Structure formats: structure tokens, C-alpha cells
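Trainee: I'd like to ask you about the structure that follows.
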Amino acid sequence: MTRNHTPKSLAVLLRARMHPDALPSSPSQLSPTPPTDPDPAAPPAASVRHWLHAAASATSPPPATLDSFSDGYRSLDRVGRREVLRSLATDYDVPRARVRDLMRQYMSVASAAAIGVDGAEAEEGKEGAAAALYRMERGLREALRPRYAGFLEAMNAQPGGLKLLAVLRADLLALLGEENAPALRALDSYLKEKLVTWLSPAALTLHQITWDDPASLLEKIVAYEAVHPIRNLIDLKRRLGVGRRCFGYFHPAIPGEPLIFIEVALHKDMAASIQEVLWDEPPTPESEASCALFYAISSTQPGLSGINLGKFLLKRVIDMLRRDMPSVQIFATLSPIPGFMQWLRAKLASQMKLAETESQEGNSLEGASSTFRESILLPDEEKMIHDAIEQAHGKQGIELLQDILKTSQWVKSEKLSAALKSPLMRLCARYLAREKIRGKALDAVANFHLQNGAEKNQIFFQESCYNTVVSFADQHWLIWQMIERINWMADQSEKGIQQSGGIMVNYLYRLENIEEYALSYSGKGLVHSSPSLSQYLEPKDT
């Protein structure tokens, strides 16, 4: 120990630097002046920002202040809401000046404490230094908390606040699509993290939606059904009747409105088209059903995007059906492939561009462009397309395919439909099983189903603690997924033709104790598929 830093002087130094008066108070700890009403002549967004400041500056925001902000925000137009969101993200972010000040003091104290101590008072000096550092670290953690944190938590506890936060995040996601500002990203990340906590499966209630539910709830099901729109009351009644089930996840803070709901058809076998699901008359007697087919899952809150409530809902429903209907042994989906045609059109356009570049530049780029050139169509497929078109005008097969797919009129021609079946089914199998982004399936729906069950350890913890999803206590089974089958002309609606060429896919949910398969997708991006799908894949892909 140097003469300038005895144990006693070090203790005095530490106490002085940790004295409350030596540190500026956190804005969240200040007692704000009671809020006054905003200037009546102020623009609407300015009035909402007034209530935001009053709420964000208070340790415990008054409910009336939160209500004023909520009512005001809902009344704003798109421009006004975005002004408030920018203010929330930037004006109530982490107080970085305070963080820098605390860090300087922390480093100063840490440096002093690191100096060697000799003599009998060494242990006492070390304990005092450690205690001081712990207190400063606690202060740093508090200072690193954004100032909007308390406001968001208070709003969540307010009646109607959770719904308002979902609306706010939906607006924030739309703004981020145009302004990818760091402060806005930080606000979205923090709010999403809190919503994941507030919407944990333990806080959600599973409810079977039936024809006897209130009309207000049934109206929301009609409004929010995003996969296969409900056309009328007869269609709705059929989906809630014999051989059908509809389940929703509800939160007590948003009564009478599901956060997400799933529709199930009970069949003897796995259905191959949405037509037979929506129009089977009469429906399969429930006593004869052996397959539960999930054909639509819809989220009602755009602001909950990225919060995967669907996987928990799916597992809850499977568990309930297994318990209530022992005869049902097959659990599968009939799912859309929304990104397939977009991917295929982009692939055709890029190959056409490469071919055009080669023809213009001659052989000078042949080596470079050939690296990216690929045969989209097999020779037999190209011949079938040429044969199906009376006037090809010397165009290549991919040119003809690109022209055909610009509209959905080709489905009305038996000749064209027959010619396109082979290439579209083969390319769709490739798209689902082989096309990836960041190691996961490129198709969003495929990624959702294939990742379900892949987080076995995390799900087991949540389920065993909260008893909310699938119980593994008495039956050691694990859900894992595979692509079972793709189905030609399974969705002949205009939307189905435009998005996926009418093709739909069955994902099969297997209930077996094979963790290796469940984790292979999340860890390695490996997509498991059945032999029926392998027939469409090229040998190098199987």
C-alpha cells in the first residue's frame, strides 16, 4: 500500500465517491410537477406528447394521465402517431450523459480499489471497496434502463393498456419499414421483449370457440380470418359445427378478443385440398375421425408480430385433442405456401437476365455468368410446355413459363395445367426443402411449422412449471415436424393460384421421443421430408 492510499484513506475515498449527493439523480426518481392540461390550441400530437411527458416523468404515473395519453394516441392520424413514436424513442431513451458520468466514477473507484493493500487493515479495505463497487454497478444497471421503461410497464398495468401497446408496436413496425433508425429499433426490441414476458403461456387462456359464443366474438373471427376468408354465416357455422374445432388464446387484459386462433378439421385421412375441408358435406362423423387437420391459424394483433404464440397454441390444442379424442392419431396441417410463386418469378427473371447478358456480351462473361446459370426446367418439362403452346415464337421454355405465370388464366386450360404440373411440383419441393435464409426455410409458413418443437428444453421448462402447453410428466413424447406431402391444385382460389400455383403442403406432426430430429432443424437447418416429397427432388438434393 502506498503512503497516499492507506486502507483508511481508501475507505474514506470510496464513501465520498458513493455519497448520494455526488451523483445526479435519475430522471425517473424525480418527483415531477403535477401535470396540467395541455394548451387547448396545441396540435393534437403536441397534446399527446404532453401526456407522454407527464407519464414518463412520474415514478408512478396517475391512471388519468395514462388514459389521456391512450385516448389521445388512438385519435391521432398516421403522421401524428409517428411524431409521438419518434419522441418516445429519442426523448425517453437511455440517459447516456448520466451513464457516462457513472462510468467515469466507477472506473476511478475501481482503479483505486485495485491498488495493493498491505497490513492488518487489508481485508477491511477490500470489503469496503467491493461493497462500493456493487452499489455503483446497481446504479449503472438502473441508469442503463431506458426512461420509457416505466411508462410502458405502467401502461401494461392500466385497463386497456396492453391493447394500446399492441397498437403502438404495430405503428412502430410500420415506421421501421420506412425509417430504420437505431432509437426506433431499440424501442421495438425493448417493447417486444416486454410483450413476450407479459404474454407468456401462463397468462393466456385457451378457449374453444363455438356457435354459442357472443356475436361480438364471432364477428372478430370473421374479420381476422386471414388464411381462408369466411364468406358468410353459413360458412362460419360450418367451421364451428360437427367435425370442426376452433380454439383461441385469450388474455384477461383484452377480453372478448382472441390474440390468435386456429381452425381444425376432423377427418378420416389427411386432406389433400382446402376444397374438401371447407365443402365436405356431410362432414366426417367425429367417432370415425382419425386425423386432426390444422388448416388455418390467424393472429389478430399486427403489433404482436415476431412473438410466436402459435407454437404454444398448437401444442395446447394437440394435447387437448389427444385427451378428448383418443381415436385421433394423426396431427397434420394443410398449409399455404405464400412465398413460392414470388420466389419462382424472381428466379425466372434472374435467369432471363443472365441469358440476356450472355447474348449481349458474347463469350467474355461466359465463365462468370455460368456460375450463376442453372436449368430451371428439365428437358422433358420444357418440351411439354412448348407442346402446350400453339405459338411459341422461338422462345425458350423459361421465357414461356414466365409469360404463362403472369396471370392465373393458365389454370383454365387443361393442356397448360397438365404441362405445368411437373415443373411446378418439382420446384415447389425444392423451394420448401432446400431454399434457405440464414439457415432456415425461406418460406415463412414452413419455418413456423418446422421450428415448432425444436426448442425442446425451453418448452419443457415452461410447460412443467406452468402446466400450460403439453405435459411431458406422464407421457414422454415430443412433437417434431416433417414435410409429408405437397398437393396439386389444393387451393384453386385466386389468392392460392397467385401465391403458390394452387399447391398446398401437409406438415405432419409426429409424437415421438426423438430429440435428434426435433433439434436438427433449429441447429442445422435440416428439413425432414417424407419419401413422397423426395420423388420431386433432384438426386443431388435428396
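Here's how to read the names in the C-alpha cells: chain A, B, ... by the order shown, residue numbers from 1 in each chain, ligand numbers from 1 in the order shown.
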Considering only C-alpha atoms, return as a list in words whatever protein or nucleic-acid residues lie within 12 Å of region 280-287 of chain A, sequence-local ones (same chain, fewer than 5 positions apart) excluded.
Mentor: Asp235, Arg238, Arg239, Leu240, Gly241, Val242, Gly243, Arg244, Arg245, Ala265, Leu266, His267, Lys268, Asp269, Ala271, Ser273, Ile274, Gln275, Ala292, Leu321, Asp324, Met325, Pro326, Ser327 and Val328 of chain A
Trainee: Fewer than 3 positions away in the same chain doesn't count, so skip those; otherwise give me all residues within 8 Å of Pro63 (chain A), counting only C-alpha atoms, as a short mmCIF file (atom, residue, chain, number, x, y, z; two decimals) with C-alpha atoms, in the first residue's frame.
Mentor:
```
data_model
loop_
_atom_site.label_atom_id
_atom_site.label_comp_id
_atom_site.auth_asym_id
_atom_site.auth_seq_id
_atom_site.Cartn_x
_atom_site.Cartn_y
_atom_site.Cartn_z
CA LEU A 66 -52.23 7.20 -18.90
CA ASP A 67 -55.87 7.30 -20.03
CA GLN A 158 -53.59 0.01 -16.98
#
```
Trainee: For CA of Gln105 (chain A) and CA of Thr90 (chain A), quote the distance in Å rounded to one decimal.
Mentor: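 It comes out at 25.6 Å.
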Trainee: As a PyMOL selection string, list the residues of region 185-398 of chain A assigned to strand (DSSP E) by DSSP on the backbone atoms of this structure.
Mentor: chain A and resi 205-208+244-250+260-267+291-299+330-333
Trainee: Would you write out those residues with N, CA, C and O atoms, as a short mmCIF file (atom, residue, chain, number, x, y, z; two decimals), in the first residue's frame?
Mentor:
```
data_model
loop_
_atom_site.label_atom_id
_atom_site.label_comp_id
_atom_site.auth_asym_id
_atom_site.auth_seq_id
_atom_site.Cartn_x
_atom_site.Cartn_y
_atom_site.Cartn_z
N THR A 205 -55.31 -17.89 -21.72
CA THR A 205 -56.38 -18.87 -21.52
C THR A 205 -56.76 -19.47 -22.87
O THR A 205 -57.00 -18.74 -23.83
N LEU A 206 -56.84 -20.80 -22.92
CA LEU A 206 -57.28 -21.48 -24.12
C LEU A 206 -58.79 -21.65 -24.07
O LEU A 206 -59.34 -22.14 -23.08
N HIS A 207 -59.47 -21.25 -25.14
CA HIS A 207 -60.93 -21.33 -25.19
C HIS A 207 -61.37 -21.91 -26.52
O HIS A 207 -60.89 -21.49 -27.58
N GLN A 208 -62.27 -22.89 -26.48
CA GLN A 208 -62.85 -23.41 -27.72
C GLN A 208 -63.98 -22.50 -28.15
O GLN A 208 -64.95 -22.29 -27.42
N ARG A 244 -65.58 -30.10 -36.70
CA ARG A 244 -64.70 -28.93 -36.76
C ARG A 244 -64.43 -28.43 -35.35
O ARG A 244 -65.23 -28.62 -34.42
N ARG A 245 -63.31 -27.80 -35.19
CA ARG A 245 -62.96 -27.16 -33.93
C ARG A 245 -62.28 -25.83 -34.23
O ARG A 245 -61.60 -25.66 -35.25
N CYS A 246 -62.47 -24.88 -33.31
CA CYS A 246 -61.78 -23.59 -33.39
C CYS A 246 -61.36 -23.22 -31.97
O CYS A 246 -62.19 -23.19 -31.06
N PHE A 247 -60.07 -22.98 -31.79
CA PHE A 247 -59.53 -22.66 -30.47
C PHE A 247 -58.81 -21.32 -30.54
O PHE A 247 -58.14 -21.00 -31.53
N GLY A 248 -58.92 -20.55 -29.46
CA GLY A 248 -58.24 -19.27 -29.40
C GLY A 248 -57.51 -19.07 -28.10
O GLY A 248 -57.88 -19.63 -27.06
N TYR A 249 -56.45 -18.29 -28.16
CA TYR A 249 -55.72 -17.86 -26.97
C TYR A 249 -56.25 -16.48 -26.57
O TYR A 249 -56.25 -15.55 -27.39
N PHE A 250 -56.66 -16.34 -25.30
CA PHE A 250 -57.19 -15.08 -24.80
C PHE A 250 -56.34 -14.58 -23.64
O PHE A 250 -55.78 -15.38 -22.88
N ILE A 260 -54.87 -14.98 -30.96
CA ILE A 260 -54.58 -15.86 -32.08
C ILE A 260 -55.57 -17.00 -32.01
O ILE A 260 -56.00 -17.39 -30.92
N PHE A 261 -55.98 -17.53 -33.16
CA PHE A 261 -56.90 -18.68 -33.14
C PHE A 261 -56.54 -19.64 -34.27
O PHE A 261 -55.93 -19.26 -35.28
N ILE A 262 -56.92 -20.90 -34.07
CA ILE A 262 -56.58 -21.96 -35.00
C ILE A 262 -57.83 -22.76 -35.32
O ILE A 262 -58.69 -22.97 -34.46
N GLU A 263 -57.96 -23.16 -36.59
CA GLU A 263 -59.12 -23.93 -37.04
C GLU A 263 -58.70 -25.35 -37.37
O GLU A 263 -57.65 -25.57 -38.00
N VAL A 264 -59.52 -26.32 -36.96
CA VAL A 264 -59.19 -27.74 -37.08
C VAL A 264 -60.34 -28.47 -37.76
O VAL A 264 -61.51 -28.23 -37.45
N ALA A 265 -59.98 -29.38 -38.66
CA ALA A 265 -60.97 -30.26 -39.29
C ALA A 265 -60.66 -31.69 -38.88
O ALA A 265 -59.49 -32.11 -38.88
N LEU A 266 -61.70 -32.44 -38.51
CA LEU A 266 -61.54 -33.84 -38.11
C LEU A 266 -61.92 -34.73 -39.29
O LEU A 266 -63.07 -34.72 -39.75
N HIS A 267 -60.95 -35.49 -39.79
CA HIS A 267 -61.14 -36.30 -40.98
C HIS A 267 -60.70 -37.73 -40.73
O HIS A 267 -59.98 -38.02 -39.77
N CYS A 291 -57.80 -38.23 -37.95
CA CYS A 291 -56.83 -37.19 -38.29
C CYS A 291 -57.37 -35.82 -37.88
O CYS A 291 -58.51 -35.47 -38.20
N ALA A 292 -56.57 -35.08 -37.16
CA ALA A 292 -56.87 -33.68 -36.85
C ALA A 292 -56.04 -32.82 -37.79
O ALA A 292 -54.80 -32.85 -37.73
N LEU A 293 -56.71 -32.11 -38.66
CA LEU A 293 -56.04 -31.32 -39.68
C LEU A 293 -56.14 -29.84 -39.34
O LEU A 293 -57.24 -29.28 -39.28
N PHE A 294 -55.01 -29.19 -39.12
CA PHE A 294 -54.97 -27.76 -38.84
C PHE A 294 -54.88 -27.02 -40.18
O PHE A 294 -53.87 -27.14 -40.87
N TYR A 295 -55.93 -26.28 -40.53
CA TYR A 295 -55.94 -25.70 -41.86
C TYR A 295 -55.88 -24.17 -41.87
O TYR A 295 -55.78 -23.57 -42.94
N ALA A 296 -55.94 -23.54 -40.71
CA ALA A 296 -55.81 -22.08 -40.67
C ALA A 296 -55.41 -21.66 -39.28
O ALA A 296 -55.96 -22.13 -38.28
N ILE A 297 -54.43 -20.75 -39.19
CA ILE A 297 -54.06 -20.13 -37.91
C ILE A 297 -53.89 -18.64 -38.18
O ILE A 297 -53.19 -18.25 -39.12
N SER A 298 -54.58 -17.82 -37.41
CA SER A 298 -54.63 -16.38 -37.69
C SER A 298 -54.32 -15.59 -36.43
O SER A 298 -54.89 -15.84 -35.36
N SER A 299 -53.43 -14.61 -36.57
CA SER A 299 -53.14 -13.68 -35.49
C SER A 299 -54.00 -12.44 -35.66
O SER A 299 -54.22 -11.98 -36.78
N ILE A 330 -53.44 -38.94 -35.94
CA ILE A 330 -52.65 -38.19 -36.92
C ILE A 330 -52.92 -36.70 -36.70
O ILE A 330 -54.07 -36.26 -36.66
N PHE A 331 -51.83 -35.94 -36.58
CA PHE A 331 -51.93 -34.49 -36.43
C PHE A 331 -51.11 -33.86 -37.56
O PHE A 331 -49.89 -34.07 -37.64
N ALA A 332 -51.79 -33.15 -38.43
CA ALA A 332 -51.13 -32.60 -39.61
C ALA A 332 -51.73 -31.25 -39.96
O ALA A 332 -52.75 -30.83 -39.39
N THR A 333 -51.11 -30.57 -40.89
CA THR A 333 -51.63 -29.29 -41.38
C THR A 333 -51.93 -29.40 -42.86
O THR A 333 -51.41 -30.28 -43.56
#
```
Trainee: Figure out the distance between CA of Arg100 (chain A) and CA of Ala132 (chain A), please, to one decimal in Å.
Mentor: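 One can read the CA of Ala132 (chain A) to CA of Arg100 (chain A) distance as 17.8 Å.
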Trainee: List every residue of region 113-280 of chain A that DSSP, applied to the backbone of this structure, assigns to helix (DSSP H, G or I), and report them as a PyMOL selection string.
Mentor: chain A and resi 113+122-143+148-157+161-176+182-198+201-203+215-224+233-239+274-279
Trainee: Ranking A:Ser359, A:Asn487, A:Asn506, A:Thr59 by minimum distance to Gly150 (chain A) and counting only C-alpha atoms, which one comes first?
Mentor: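 Distance minimum relative to Gly150 (chain A) lands on A:Thr59.
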Trainee: Report, in Å to a single decimal, how far apart CA of Ser290 (chain A) and CA of Arg322 (chain A) are.
Mentor: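 So the answer is 10.7 Å.
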Trainee: Can you list every residue of region 318-414 of chain A that has an atom at most 12 Å from region 424-437 of chain A, with its nearest atom pair and the distance in Å to one decimal, using only C-alpha atoms, ordered by chain then number, as JSON lines?
Mentor:
```
{"residue": "A:Ser335", "atom": "CA", "partner": "A:Leu432", "partner_atom": "CA", "distance": 11.9}
{"residue": "A:Pro336", "atom": "CA", "partner": "A:Leu432", "partner_atom": "CA", "distance": 11.3}
{"residue": "A:Ile337", "atom": "CA", "partner": "A:Leu432", "partner_atom": "CA", "distance": 8.4}
{"residue": "A:Pro338", "atom": "CA", "partner": "A:Leu432", "partner_atom": "CA", "distance": 11.0}
{"residue": "A:Gly339", "atom": "CA", "partner": "A:Tyr431", "partner_atom": "CA", "distance": 9.0}
{"residue": "A:Phe340", "atom": "CA", "partner": "A:Cys428", "partner_atom": "CA", "distance": 6.6}
{"residue": "A:Met341", "atom": "CA", "partner": "A:Cys428", "partner_atom": "CA", "distance": 8.7}
{"residue": "A:Gln342", "atom": "CA", "partner": "A:Tyr431", "partner_atom": "CA", "distance": 10.9}
{"residue": "A:Trp343", "atom": "CA", "partner": "A:Tyr431", "partner_atom": "CA", "distance": 8.1}
{"residue": "A:Leu344", "atom": "CA", "partner": "A:Leu427", "partner_atom": "CA", "distance": 8.0}
{"residue": "A:Arg345", "atom": "CA", "partner": "A:Leu427", "partner_atom": "CA", "distance": 11.5}
{"residue": "A:Lys347", "atom": "CA", "partner": "A:Leu427", "partner_atom": "CA", "distance": 10.6}
{"residue": "A:Leu348", "atom": "CA", "partner": "A:Leu427", "partner_atom": "CA", "distance": 11.5}
{"residue": "A:Ser375", "atom": "CA", "partner": "A:Leu427", "partner_atom": "CA", "distance": 11.3}
{"residue": "A:Ile376", "atom": "CA", "partner": "A:Leu427", "partner_atom": "CA", "distance": 8.2}
{"residue": "A:Leu377", "atom": "CA", "partner": "A:Leu427", "partner_atom": "CA", "distance": 9.0}
{"residue": "A:Leu378", "atom": "CA", "partner": "A:Arg426", "partner_atom": "CA", "distance": 10.0}
{"residue": "A:Glu381", "atom": "CA", "partner": "A:Leu424", "partner_atom": "CA", "distance": 9.8}
{"residue": "A:Glu382", "atom": "CA", "partner": "A:Leu424", "partner_atom": "CA", "distance": 11.9}
{"residue": "A:Ile385", "atom": "CA", "partner": "A:Leu424", "partner_atom": "CA", "distance": 11.7}
{"residue": "A:Leu401", "atom": "CA", "partner": "A:Leu424", "partner_atom": "CA", "distance": 10.1}
{"residue": "A:Leu405", "atom": "CA", "partner": "A:Leu424", "partner_atom": "CA", "distance": 10.7}
```
Trainee: Find the residues of region 37-154 of chain A that sit at most 12 Å from region 162-174 of chain A; for each, write down the nearest two atoms and how far apart they are in Å, to one decimal. Count only C-alpha atoms. Sort by chain, then by number going up, and give it as a Markdown table.
Mentor:
```
| residue | atom | partner | partner_atom | distance |
| --- | --- | --- | --- | --- |
| A:Leu66 | CA | A:Leu164 | CA | 10.6 |
| A:Asp67 | CA | A:Leu164 | CA | 10.3 |
| A:Phe69 | CA | A:Leu164 | CA | 10.0 |
| A:Ser70 | CA | A:Leu164 | CA | 6.8 |
| A:Asp71 | CA | A:Leu164 | CA | 9.4 |
| A:Gly72 | CA | A:Leu164 | CA | 11.1 |
| A:Tyr73 | CA | A:Leu168 | CA | 8.7 |
| A:Arg74 | CA | A:Leu164 | CA | 8.1 |
| A:Ser75 | CA | A:Leu164 | CA | 11.9 |
| A:Leu76 | CA | A:Asp171 | CA | 11.5 |
| A:Asp77 | CA | A:Asp171 | CA | 10.8 |
| A:Arg78 | CA | A:Asp171 | CA | 8.2 |
| A:Val79 | CA | A:Asp171 | CA | 10.5 |
| A:Gly80 | CA | A:Asp171 | CA | 11.0 |
| A:Arg81 | CA | A:Asp171 | CA | 7.6 |
| A:Arg82 | CA | A:Asp171 | CA | 7.5 |
| A:Glu83 | CA | A:Leu172 | CA | 10.8 |
| A:Val84 | CA | A:Leu168 | CA | 9.9 |
| A:Leu85 | CA | A:Leu172 | CA | 6.9 |
| A:Arg86 | CA | A:Leu172 | CA | 9.1 |
| A:Ser87 | CA | A:Leu172 | CA | 11.9 |
| A:Leu88 | CA | A:Leu172 | CA | 10.7 |
| A:Ala89 | CA | A:Leu172 | CA | 9.9 |
| A:Phe151 | CA | A:Leu165 | CA | 10.8 |
| A:Leu152 | CA | A:Leu165 | CA | 7.8 |
| A:Glu153 | CA | A:Leu162 | CA | 9.5 |
| A:Ala154 | CA | A:Leu162 | CA | 10.0 |
```
Trainee: Might you pull out every residue within 6 Å of Gly502 (chain A), with only C-alpha atoms counted and same-chain residues fewer than 6 positions away left off, and present them as a PyMOL selection string?
Mentor: chain A and resi 489-492+496
Trainee: Go ahead and dump the residues you just picked, C-alpha atoms, as an mmCIF file, in the first residue's frame.
Mentor:
```cif
data_model
loop_
_atom_site.group_PDB
_atom_site.id
_atom_site.type_symbol
_atom_site.label_atom_id
_atom_site.label_comp_id
_atom_site.auth_asym_id
_atom_site.auth_seq_id
_atom_site.Cartn_x
_atom_site.Cartn_y
_atom_site.Cartn_z
ATOM 1 C CA MET A 489 -54.450 -27.766 -57.202
ATOM 2 C CA ALA A 490 -55.185 -27.897 -53.479
ATOM 3 C CA ASP A 491 -56.200 -24.219 -53.346
ATOM 4 C CA GLN A 492 -57.900 -23.049 -56.530
ATOM 5 C CA GLY A 496 -53.931 -19.584 -53.910
#
```
Trainee: For a quick check of understanding, using only C-alpha atoms, which of A:Ala272, A:Ala355, A:Leu313, A:Ile307 has the smallest distance to Val505 (chain A)?
Mentor: A:Ala272
Trainee: What lies within 12 Å of Lys412 (chain A) using only C-alpha atoms, ignoring chain neighbours under 4 positions off, as a list of chain:residue names?
Mentor: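 Residues near the query, excluding close chain neighbours: A:Ile404, A:Thr407, A:Ser408, A:Leu416, A:Ser417, A:Ala418, A:Met489, A:Gln492, A:Glu494, A:Ile497.
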Trainee: Contacts of Arg138 (chain A) at 12 Å or less, counting only C-alpha atoms, minus same-chain residues fewer than 5 places along, as a PyMOL selection string?
Mentor: chain A and resi 18+99+102-103+106+131-133+143-145
